[in-house]
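Novice: Got structure.csv for you, CSV, C-alpha atoms (C1' of nucleotides):
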chain,number,residue,atom,x,y,z
A,1,MET,CA,2.3,20.3,-8.1
A,2,GLU,CA,-0.5,20.4,-10.5
A,3,ASN,CA,-0.3,18.1,-13.4
A,4,ALA,CA,-3.4,19.4,-15.3
A,5,ILE,CA,-3.0,19.0,-19.0
A,6,GLN,CA,-3.5,21.2,-22.0
A,7,LEU,CA,-5.9,19.5,-24.4
A,8,ASN,CA,-5.2,22.1,-27.1
A,9,GLU,CA,-1.7,20.8,-27.4
A,10,ILE,CA,-2.9,17.4,-28.4
A,11,PHE,CA,-6.1,18.0,-30.4
A,12,GLU,CA,-7.0,20.2,-33.3
A,13,PRO,CA,-9.5,23.1,-32.8
A,14,GLU,CA,-12.3,21.3,-34.6
A,15,LEU,CA,-12.0,18.3,-32.2
A,16,LEU,CA,-11.7,20.5,-29.2
A,17,ALA,CA,-15.0,22.1,-30.2
A,18,GLU,CA,-16.6,18.7,-30.4
A,19,ILE,CA,-15.2,17.7,-27.0
A,20,GLU,CA,-16.5,20.9,-25.6
A,21,LYS,CA,-20.0,20.2,-27.0
A,22,LYS,CA,-20.4,16.5,-26.3
A,23,GLY,CA,-18.1,15.9,-23.3
A,24,GLN,CA,-19.6,16.3,-19.9
A,25,TYR,CA,-17.4,18.0,-17.4
A,26,THR,CA,-17.3,16.3,-14.0
A,27,SER,CA,-15.4,16.7,-10.8
A,28,VAL,CA,-15.3,14.0,-8.1
A,29,LYS,CA,-13.7,14.0,-4.7
A,30,GLU,CA,-11.0,11.7,-3.5
A,31,GLY,CA,-12.2,8.2,-2.8
A,32,THR,CA,-15.2,8.3,-5.2
A,33,VAL,CA,-15.9,5.1,-6.9
A,34,ILE,CA,-16.1,6.1,-10.6
A,35,MET,CA,-16.8,2.7,-11.9
A,36,ASP,CA,-17.4,-0.6,-10.1
A,37,PHE,CA,-17.4,-4.2,-11.1
A,38,GLY,CA,-20.3,-5.1,-13.2
A,39,ASP,CA,-21.2,-1.6,-14.1
A,40,ILE,CA,-22.2,-1.0,-17.7
A,41,VAL,CA,-19.9,1.6,-19.1
A,42,ARG,CA,-21.6,4.2,-21.3
A,43,VAL,CA,-18.9,6.9,-21.2
A,44,MET,CA,-15.2,7.1,-21.7
A,45,PRO,CA,-13.6,9.3,-19.1
A,46,LEU,CA,-10.8,11.6,-20.1
A,47,ILE,CA,-8.9,12.6,-17.0
A,48,LEU,CA,-7.9,16.3,-16.8
A,49,LYS,CA,-6.6,16.5,-13.3
A,50,GLY,CA,-5.8,14.0,-10.5
A,51,SER,CA,-5.4,10.3,-10.8
A,52,VAL,CA,-7.6,7.3,-10.8
A,53,LYS,CA,-6.7,3.9,-9.4
A,54,VAL,CA,-7.8,0.9,-11.4
A,55,SER,CA,-8.0,-2.5,-9.8
A,56,ARG,CA,-9.3,-6.0,-10.4
A,57,MET,CA,-11.2,-8.3,-8.1
A,58,GLU,CA,-9.6,-11.7,-7.4
A,59,GLU,CA,-11.4,-14.9,-6.6
A,60,ASP,CA,-11.0,-14.5,-2.8
A,61,GLY,CA,-12.4,-11.0,-2.8
A,62,LYS,CA,-9.1,-9.2,-2.7
A,63,GLU,CA,-8.3,-6.3,-5.0
A,64,LEU,CA,-5.2,-6.3,-7.1
A,65,LEU,CA,-4.0,-3.0,-8.4
A,66,LEU,CA,-3.7,-2.9,-12.1
A,67,TYR,CA,-2.6,0.6,-12.9
A,68,TYR,CA,-3.2,4.3,-12.4
A,69,ILE,CA,-4.7,6.7,-14.9
A,70,ASN,CA,-3.0,10.0,-14.7
A,71,ALA,CA,-4.0,13.4,-16.0
A,72,GLY,CA,-4.1,13.5,-19.8
A,73,GLU,CA,-4.9,9.9,-20.1
A,74,THR,CA,-8.0,7.9,-20.6
A,75,CYS,CA,-9.1,4.4,-19.5
A,76,ALA,CA,-8.3,1.7,-22.0
A,77,MET,CA,-10.6,-0.7,-20.3
A,78,SER,CA,-13.5,1.6,-20.5
A,79,PHE,CA,-12.9,2.0,-24.2
A,80,THR,CA,-13.0,-1.7,-24.9
A,81,CYS,CA,-15.9,-2.3,-22.5
A,82,CYS,CA,-18.2,0.5,-23.5
A,83,MET,CA,-17.9,-0.1,-27.2
A,84,GLN,CA,-19.5,-3.5,-26.7
A,85,GLN,CA,-21.7,-2.4,-23.8
A,86,GLN,CA,-20.0,-5.1,-21.7
A,87,PRO,CA,-20.0,-5.0,-17.9
A,88,SER,CA,-16.9,-3.7,-16.3
A,89,GLU,CA,-14.3,-6.1,-15.1
A,90,ILE,CA,-12.6,-3.5,-13.1
A,91,LYS,CA,-13.1,-0.9,-10.4
A,92,ALA,CA,-12.0,2.7,-10.7
A,93,VAL,CA,-11.5,4.9,-7.7
A,94,ALA,CA,-10.5,8.5,-7.6
A,95,GLU,CA,-7.1,8.5,-5.9
A,96,GLU,CA,-7.2,12.3,-5.4
A,97,ASP,CA,-9.8,14.9,-6.4
A,98,VAL,CA,-10.4,14.4,-10.1
A,99,ASP,CA,-11.6,16.6,-12.9
A,100,MET,CA,-12.6,14.7,-16.0
A,101,LEU,CA,-14.6,14.9,-19.2
A,102,LEU,CA,-17.1,12.1,-19.9
A,103,ILE,CA,-17.2,11.3,-23.5
A,104,PRO,CA,-20.4,9.5,-24.6
A,105,VAL,CA,-19.8,6.2,-26.4
A,106,ASN,CA,-21.9,7.1,-29.4
A,107,VAL,CA,-19.5,9.7,-30.6
A,108,MET,CA,-16.4,7.5,-30.3
A,109,ASP,CA,-16.9,5.8,-33.7
A,110,GLU,CA,-17.4,9.1,-35.4
A,111,TRP,CA,-14.4,10.8,-33.9
A,112,ILE,CA,-12.1,8.0,-34.6
A,113,SER,CA,-12.8,8.2,-38.3
A,114,ARG,CA,-13.0,12.0,-38.4
A,115,PHE,CA,-10.0,13.0,-36.3
A,116,SER,CA,-6.7,11.4,-36.7
A,117,THR,CA,-5.4,12.9,-33.5
A,118,TRP,CA,-8.3,11.3,-31.6
A,119,LYS,CA,-7.6,8.0,-33.1
A,120,SER,CA,-3.9,8.1,-32.2
A,121,PHE,CA,-4.7,9.4,-28.8
A,122,VAL,CA,-7.0,6.4,-28.1
A,123,MET,CA,-4.6,3.9,-29.7
A,124,ASN,CA,-1.7,5.3,-27.8
A,125,THR,CA,-3.3,5.0,-24.4
A,126,ILE,CA,-4.4,1.4,-25.2
A,127,ARG,CA,-0.9,0.5,-26.4
A,128,ALA,CA,0.8,2.1,-23.4
A,129,ARG,CA,-1.6,0.4,-21.0
A,130,PHE,CA,-1.1,-2.9,-22.7
A,131,ALA,CA,2.7,-2.6,-22.5
A,132,GLU,CA,2.4,-1.8,-18.8
A,133,LEU,CA,0.1,-4.7,-18.1
A,134,LEU,CA,2.6,-7.1,-19.9
A,135,LYS,CA,5.3,-5.7,-17.7
A,136,THR,CA,3.4,-6.4,-14.5
A,137,ILE,CA,2.4,-9.9,-15.7
A,138,ASP,CA,6.1,-10.6,-16.3
A,139,GLN,CA,7.0,-9.4,-12.8
A,140,VAL,CA,4.2,-11.4,-11.2
A,141,ALA,CA,5.1,-14.5,-13.2
A,142,PHE,CA,8.8,-14.3,-12.2
A,143,GLN,CA,7.9,-13.2,-8.7
A,144,LYS,CA,10.0,-10.1,-8.8
A,145,LEU,CA,8.2,-8.4,-6.0
A,146,ASP,CA,11.0,-6.0,-5.4
A,147,GLU,CA,10.7,-4.7,-8.9
A,148,ARG,CA,7.0,-4.4,-8.6
A,149,LEU,CA,7.4,-2.4,-5.4
A,150,ILE,CA,9.8,0.0,-7.0
A,151,ASN,CA,7.5,0.3,-10.0
A,152,TYR,CA,4.6,1.0,-7.7
A,153,LEU,CA,6.4,3.7,-5.8
A,154,HIS,CA,7.4,5.4,-9.0
A,155,GLN,CA,3.8,5.4,-10.2
A,156,LYS,CA,2.7,6.8,-6.9
A,157,GLU,CA,5.3,9.5,-7.2
A,158,LYS,CA,4.3,10.4,-10.7
A,159,ALA,CA,0.6,10.4,-9.8
A,160,THR,CA,0.9,12.7,-6.8
A,161,GLY,CA,3.8,14.7,-8.1
A,162,SER,CA,5.5,14.3,-4.8
A,163,SER,CA,8.4,12.1,-3.6
A,164,LEU,CA,6.7,11.8,-0.2
A,165,ILE,CA,4.3,8.9,-0.3
A,166,ASN,CA,1.7,8.7,2.4
A,167,LEU,CA,1.0,5.1,2.7
A,168,SER,CA,1.4,2.4,5.4
A,169,HIS,CA,3.3,-0.8,4.6
A,170,GLN,CA,0.0,-2.6,5.0
A,171,GLN,CA,-1.7,-0.5,2.4
A,172,ILE,CA,1.0,-1.1,-0.1
A,173,ALA,CA,0.9,-4.8,0.7
A,174,ASP,CA,-2.8,-4.9,0.0
A,175,GLU,CA,-2.4,-3.3,-3.3
A,176,LEU,CA,0.3,-5.6,-4.5
A,177,ALA,CA,-1.6,-8.5,-3.0
A,178,THR,CA,1.2,-9.6,-0.6
A,179,SER,CA,1.8,-9.5,3.1
A,180,ARG,CA,2.9,-6.5,5.1
A,181,VAL,CA,6.0,-8.3,6.5
A,182,VAL,CA,7.4,-8.8,3.0
A,183,ILE,CA,6.9,-5.1,2.1
A,184,SER,CA,8.5,-4.0,5.3
A,185,ARG,CA,11.6,-6.1,4.5
A,186,LEU,CA,11.9,-4.9,1.0
A,187,LEU,CA,11.5,-1.3,2.0
A,188,LYS,CA,14.1,-1.8,4.7
A,189,LYS,CA,16.5,-3.1,2.1
A,190,LEU,CA,15.8,-0.1,-0.1
A,191,GLU,CA,16.4,2.2,2.8
A,192,ASN,CA,19.7,0.6,3.5
A,193,ASP,CA,20.6,1.1,-0.1
A,194,LYS,CA,19.9,4.8,0.3
A,195,LYS,CA,17.1,4.7,-2.2
A,196,LEU,CA,14.5,6.0,0.2
A,197,LEU,CA,13.7,7.0,3.8
A,198,LEU,CA,11.1,5.3,6.0
A,199,TYR,CA,8.8,7.0,8.4
A,200,ARG,CA,5.6,6.0,10.0
A,201,ASN,CA,2.9,6.0,7.3
A,202,GLN,CA,5.2,7.8,5.0
A,203,ILE,CA,8.0,7.1,2.6
A,204,LYS,CA,10.4,9.6,1.1
A,205,LEU,CA,11.9,8.7,-2.2
A,206,LEU,CA,15.4,9.7,-2.9
A,207,LYS,CA,16.7,10.8,-6.3
A,208,GLU,CA,16.9,7.9,-8.7
A,209,LEU,CA,15.8,4.5,-7.7
B,1,DA,C1',0.3,6.2,31.7
B,2,DC,C1',-2.1,3.1,28.9
B,3,DA,C1',-4.1,1.2,24.6
B,4,DT,C1',-3.8,1.0,19.8
B,5,DT,C1',-1.6,0.7,15.5
B,6,DA,C1',2.6,0.7,12.5
B,7,DA,C1',6.9,-1.2,11.6
B,8,DG,C1',11.2,-4.4,12.4
B,9,DT,C1',13.1,-9.1,13.0
B,10,DG,C1',14.3,-14.1,13.6
B,11,DA,C1',12.8,-18.5,12.7
B,12,DT,C1',10.2,-21.8,10.0
B,13,DT,C1',8.2,-23.7,5.8
C,1,DA,C1',8.0,-15.2,-0.6
C,2,DA,C1',4.6,-16.3,3.1
C,3,DT,C1',3.4,-17.0,7.8
C,4,DC,C1',4.0,-16.9,12.7
C,5,DA,C1',5.3,-15.0,16.8
C,6,DC,C1',7.2,-11.5,19.1
C,7,DT,C1',9.6,-6.9,19.8
C,8,DT,C1',10.0,-2.1,19.3
C,9,DA,C1',8.5,2.5,18.1
C,10,DA,C1',5.0,6.0,17.2
C,11,DT,C1',0.5,7.9,18.1
C,12,DG,C1',-3.9,8.7,20.2
C,13,DT,C1',-6.8,9.2,24.5
Using structure tokens, write down the structure that the file contains.

Specialist:
Amino acid sequence: MENAIQLNEIFEPELLAEIEKKGQYTSVKEGTVIMDFGDIVRVMPLILKGSVKVSRMEEDGKELLLYYINAGETCAMSFTCCMQQQPSEIKAVAEEDVDMLLIPVNVMDEWISRFSTWKSFVMNTIRARFAELLKTIDQVAFQKLDERLINYLHQKEKATGSSLINLSHQQIADELATSRVVISRLLKKLENDKKLLLYRNQIKLLKEL
DNA sequence: ACATTAAGTGATT
DNA sequence: AATCACTTAATGT
């Protein structure tokens, strides 16, 4: 169930000591807004446990889901924003109870030149996120909503560590910026294909989608 | 038993 | 794929 990570498997002892010294350990409850639109970001969160939902505001006030940050990852946006002290373009909400380490911006530069593991860690998260964003852009551009939905369910499964997803069709529709009817139809099709089971406010994923 | 909310469906654009 | 209009099913009071 728990997907907490072992920092000592990724970083060398010297860096771990630095993280211990400079990082601020924080726990927030489910639903907490960690970062909102327009906030000036001064820290870079390193997620230890739980997951964080990152979304973007659209013109009409709707929120479009961008991606999730899972345990062991950091926020690529916060990195690019905080280095330049730019206001956040995104909103981050704790999807479940979250434990994280807040790394102050001012040590980032130093760590990147001092620790190669830190540099590759940061670069990797940015690269991975960028690839993911390109993927969703592709899907949006070609209107492959069914793929996006499957993608979304997978992320959800990974984030919660459970194949039971507790969401209404409406909630999913909101996050993918579409209508409930469309989601219901797509889910129904997936159910007929034996990919999942539908209940009220709950979806059970079956083996491989 | 009744009201409310979630989900399923056909028809239309 | 979106919207409408309507039905059916599940849940709360």

Novice: Using all atoms listed in the file, determine which residues lie at most 9 Å from DA1 of chain C, disregarding the query and same-chain residues fewer than 6 positions distant; provide the list as a count of residues only.

Specialist: 4

Novice: Do a neighbour search on segment 3-9 of chain B at 10 Å with only C-alpha atoms (C1' of nucleotides), toss out local chain neighbours closer than 5 positions, and write the hits as a list in words.

Specialist: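 Once the adjacent positions are removed, what remains is Ser168, His169, Gln170, Arg180, Val181, Ser184, Arg185, Lys188, Leu198, Tyr199, Arg200 and Asn201 of chain A; DC6, DT7, DT8, DA9, DA10, DT11, DG12 and DT13 of chain C.
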
Novice: In Å, with one decimal, what is the gap from atom CA of Trp111 of chain A to atom CA of Gly50 of chain A?

Specialist: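 Those two atoms sit 25.1 Å apart.
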
Novice: Expressed in Å to a single decimal, how great is the separation between atom CA of Asp97 of chain A and atom CA of Asn151 of chain A?

Specialist: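 Result for atom CA of Asp97 of chain A versus atom CA of Asn151 of chain A: 22.9 Å, one decimal.
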
Novice: Kindly indicate which residue among A:Lys53, A:Lys189, A:Arg114, A:Lys21 lies nearest to Asp146 of chain A, using only C-alpha atoms for the distances.

Specialist: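 Checking each candidate against Asp146 of chain A, we get A:Lys189 as the closest.
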
Novice: Would you mind telling me which residue in A:Leu186, A:Leu196, A:Leu205, A:Leu48 lies nearest to chain C when using only C-alpha atoms (C1' of nucleotides)?

Specialist: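 When distances to chain C are compared using only C-alpha atoms (C1' of nucleotides), the smallest one comes from A:Leu186.
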
Novice: Missing atoms in segment 155-180 of chain A: fill them in up to N, CA and C atoms and send the result as an mmCIF file, in the coordinates of the input.

Specialist:
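Okay, this is what ended up in rebuild-v7.cif:
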data_model
loop_
_atom_site.group_PDB
_atom_site.id
_atom_site.type_symbol
_atom_site.label_atom_id
_atom_site.label_comp_id
_atom_site.auth_asym_id
_atom_site.auth_seq_id
_atom_site.Cartn_x
_atom_site.Cartn_y
_atom_site.Cartn_z
ATOM 1 N N GLN A 155 5.135 4.981 -9.770
ATOM 2 C CA GLN A 155 3.800 5.400 -10.200
ATOM 3 C C GLN A 155 3.163 6.335 -9.258
ATOM 4 N N LYS A 156 3.313 5.998 -8.008
ATOM 5 C CA LYS A 156 2.700 6.800 -6.900
ATOM 6 C C LYS A 156 3.337 8.199 -6.961
ATOM 7 N N GLU A 157 4.627 8.237 -7.152
ATOM 8 C CA GLU A 157 5.300 9.500 -7.200
ATOM 9 C C GLU A 157 4.838 10.363 -8.366
ATOM 10 N N LYS A 158 4.693 9.705 -9.495
ATOM 11 C CA LYS A 158 4.300 10.400 -10.700
ATOM 12 C C LYS A 158 2.819 10.892 -10.545
ATOM 13 N N ALA A 159 1.999 10.054 -9.953
ATOM 14 C CA ALA A 159 0.600 10.400 -9.800
ATOM 15 C C ALA A 159 0.345 11.553 -8.884
ATOM 16 N N THR A 160 1.113 11.602 -7.804
ATOM 17 C CA THR A 160 0.900 12.700 -6.800
ATOM 18 C C THR A 160 1.820 13.848 -7.050
ATOM 19 N N GLY A 161 2.841 13.640 -7.870
ATOM 20 C CA GLY A 161 3.800 14.700 -8.100
ATOM 21 C C GLY A 161 4.634 15.024 -6.919
ATOM 22 N N SER A 162 4.745 14.051 -6.024
ATOM 23 C CA SER A 162 5.500 14.300 -4.800
ATOM 24 C C SER A 162 6.348 13.031 -4.486
ATOM 25 N N SER A 163 7.540 13.241 -3.949
ATOM 26 C CA SER A 163 8.400 12.100 -3.600
ATOM 27 C C SER A 163 8.063 11.620 -2.178
ATOM 28 N N LEU A 164 7.123 12.315 -1.537
ATOM 29 C CA LEU A 164 6.700 11.800 -0.200
ATOM 30 C C LEU A 164 5.381 11.027 -0.436
ATOM 31 N N ILE A 165 5.451 9.795 -0.053
ATOM 32 C CA ILE A 165 4.300 8.900 -0.300
ATOM 33 C C ILE A 165 3.658 8.583 1.054
ATOM 34 N N ASN A 166 2.417 8.931 1.185
ATOM 35 C CA ASN A 166 1.700 8.700 2.400
ATOM 36 C C ASN A 166 0.920 7.432 2.463
ATOM 37 N N LEU A 167 1.626 6.367 2.688
ATOM 38 C CA LEU A 167 1.000 5.100 2.700
ATOM 39 C C LEU A 167 1.638 4.212 3.811
ATOM 40 N N SER A 168 0.851 3.363 4.436
ATOM 41 C CA SER A 168 1.400 2.400 5.400
ATOM 42 C C SER A 168 1.913 1.196 4.593
ATOM 43 N N HIS A 169 2.799 0.434 5.212
ATOM 44 C CA HIS A 169 3.300 -0.800 4.600
ATOM 45 C C HIS A 169 2.135 -1.723 4.270
ATOM 46 N N GLN A 170 1.160 -1.709 5.167
ATOM 47 C CA GLN A 170 0.000 -2.600 5.000
ATOM 48 C C GLN A 170 -0.785 -2.225 3.744
ATOM 49 N N GLN A 171 -0.986 -0.939 3.529
ATOM 50 C CA GLN A 171 -1.700 -0.500 2.400
ATOM 51 C C GLN A 171 -1.042 -0.917 1.070
ATOM 52 N N ILE A 172 0.269 -0.750 1.064
ATOM 53 C CA ILE A 172 1.000 -1.100 -0.100
ATOM 54 C C ILE A 172 0.918 -2.636 -0.338
ATOM 55 N N ALA A 173 1.046 -3.380 0.751
ATOM 56 C CA ALA A 173 0.900 -4.800 0.700
ATOM 57 C C ALA A 173 -0.408 -5.259 0.084
ATOM 58 N N ASP A 174 -1.468 -4.601 0.533
ATOM 59 C CA ASP A 174 -2.800 -4.900 0.000
ATOM 60 C C ASP A 174 -2.870 -4.698 -1.484
ATOM 61 N N GLU A 175 -2.308 -3.604 -1.930
ATOM 62 C CA GLU A 175 -2.400 -3.300 -3.300
ATOM 63 C C GLU A 175 -1.576 -4.196 -4.224
ATOM 64 N N LEU A 176 -0.489 -4.663 -3.686
ATOM 65 C CA LEU A 176 0.300 -5.600 -4.500
ATOM 66 C C LEU A 176 -0.004 -7.029 -4.147
ATOM 67 N N ALA A 177 -1.059 -7.207 -3.364
ATOM 68 C CA ALA A 177 -1.600 -8.500 -3.000
ATOM 69 C C ALA A 177 -0.465 -9.393 -2.361
ATOM 70 N N THR A 178 0.196 -8.829 -1.371
ATOM 71 C CA THR A 178 1.200 -9.600 -0.600
ATOM 72 C C THR A 178 1.042 -9.258 0.851
ATOM 73 N N SER A 179 1.981 -9.710 1.664
ATOM 74 C CA SER A 179 1.800 -9.500 3.100
ATOM 75 C C SER A 179 2.686 -8.273 3.546
ATOM 76 N N ARG A 180 2.263 -7.688 4.624
ATOM 77 C CA ARG A 180 2.900 -6.500 5.100
ATOM 78 C C ARG A 180 4.391 -6.779 5.465
#
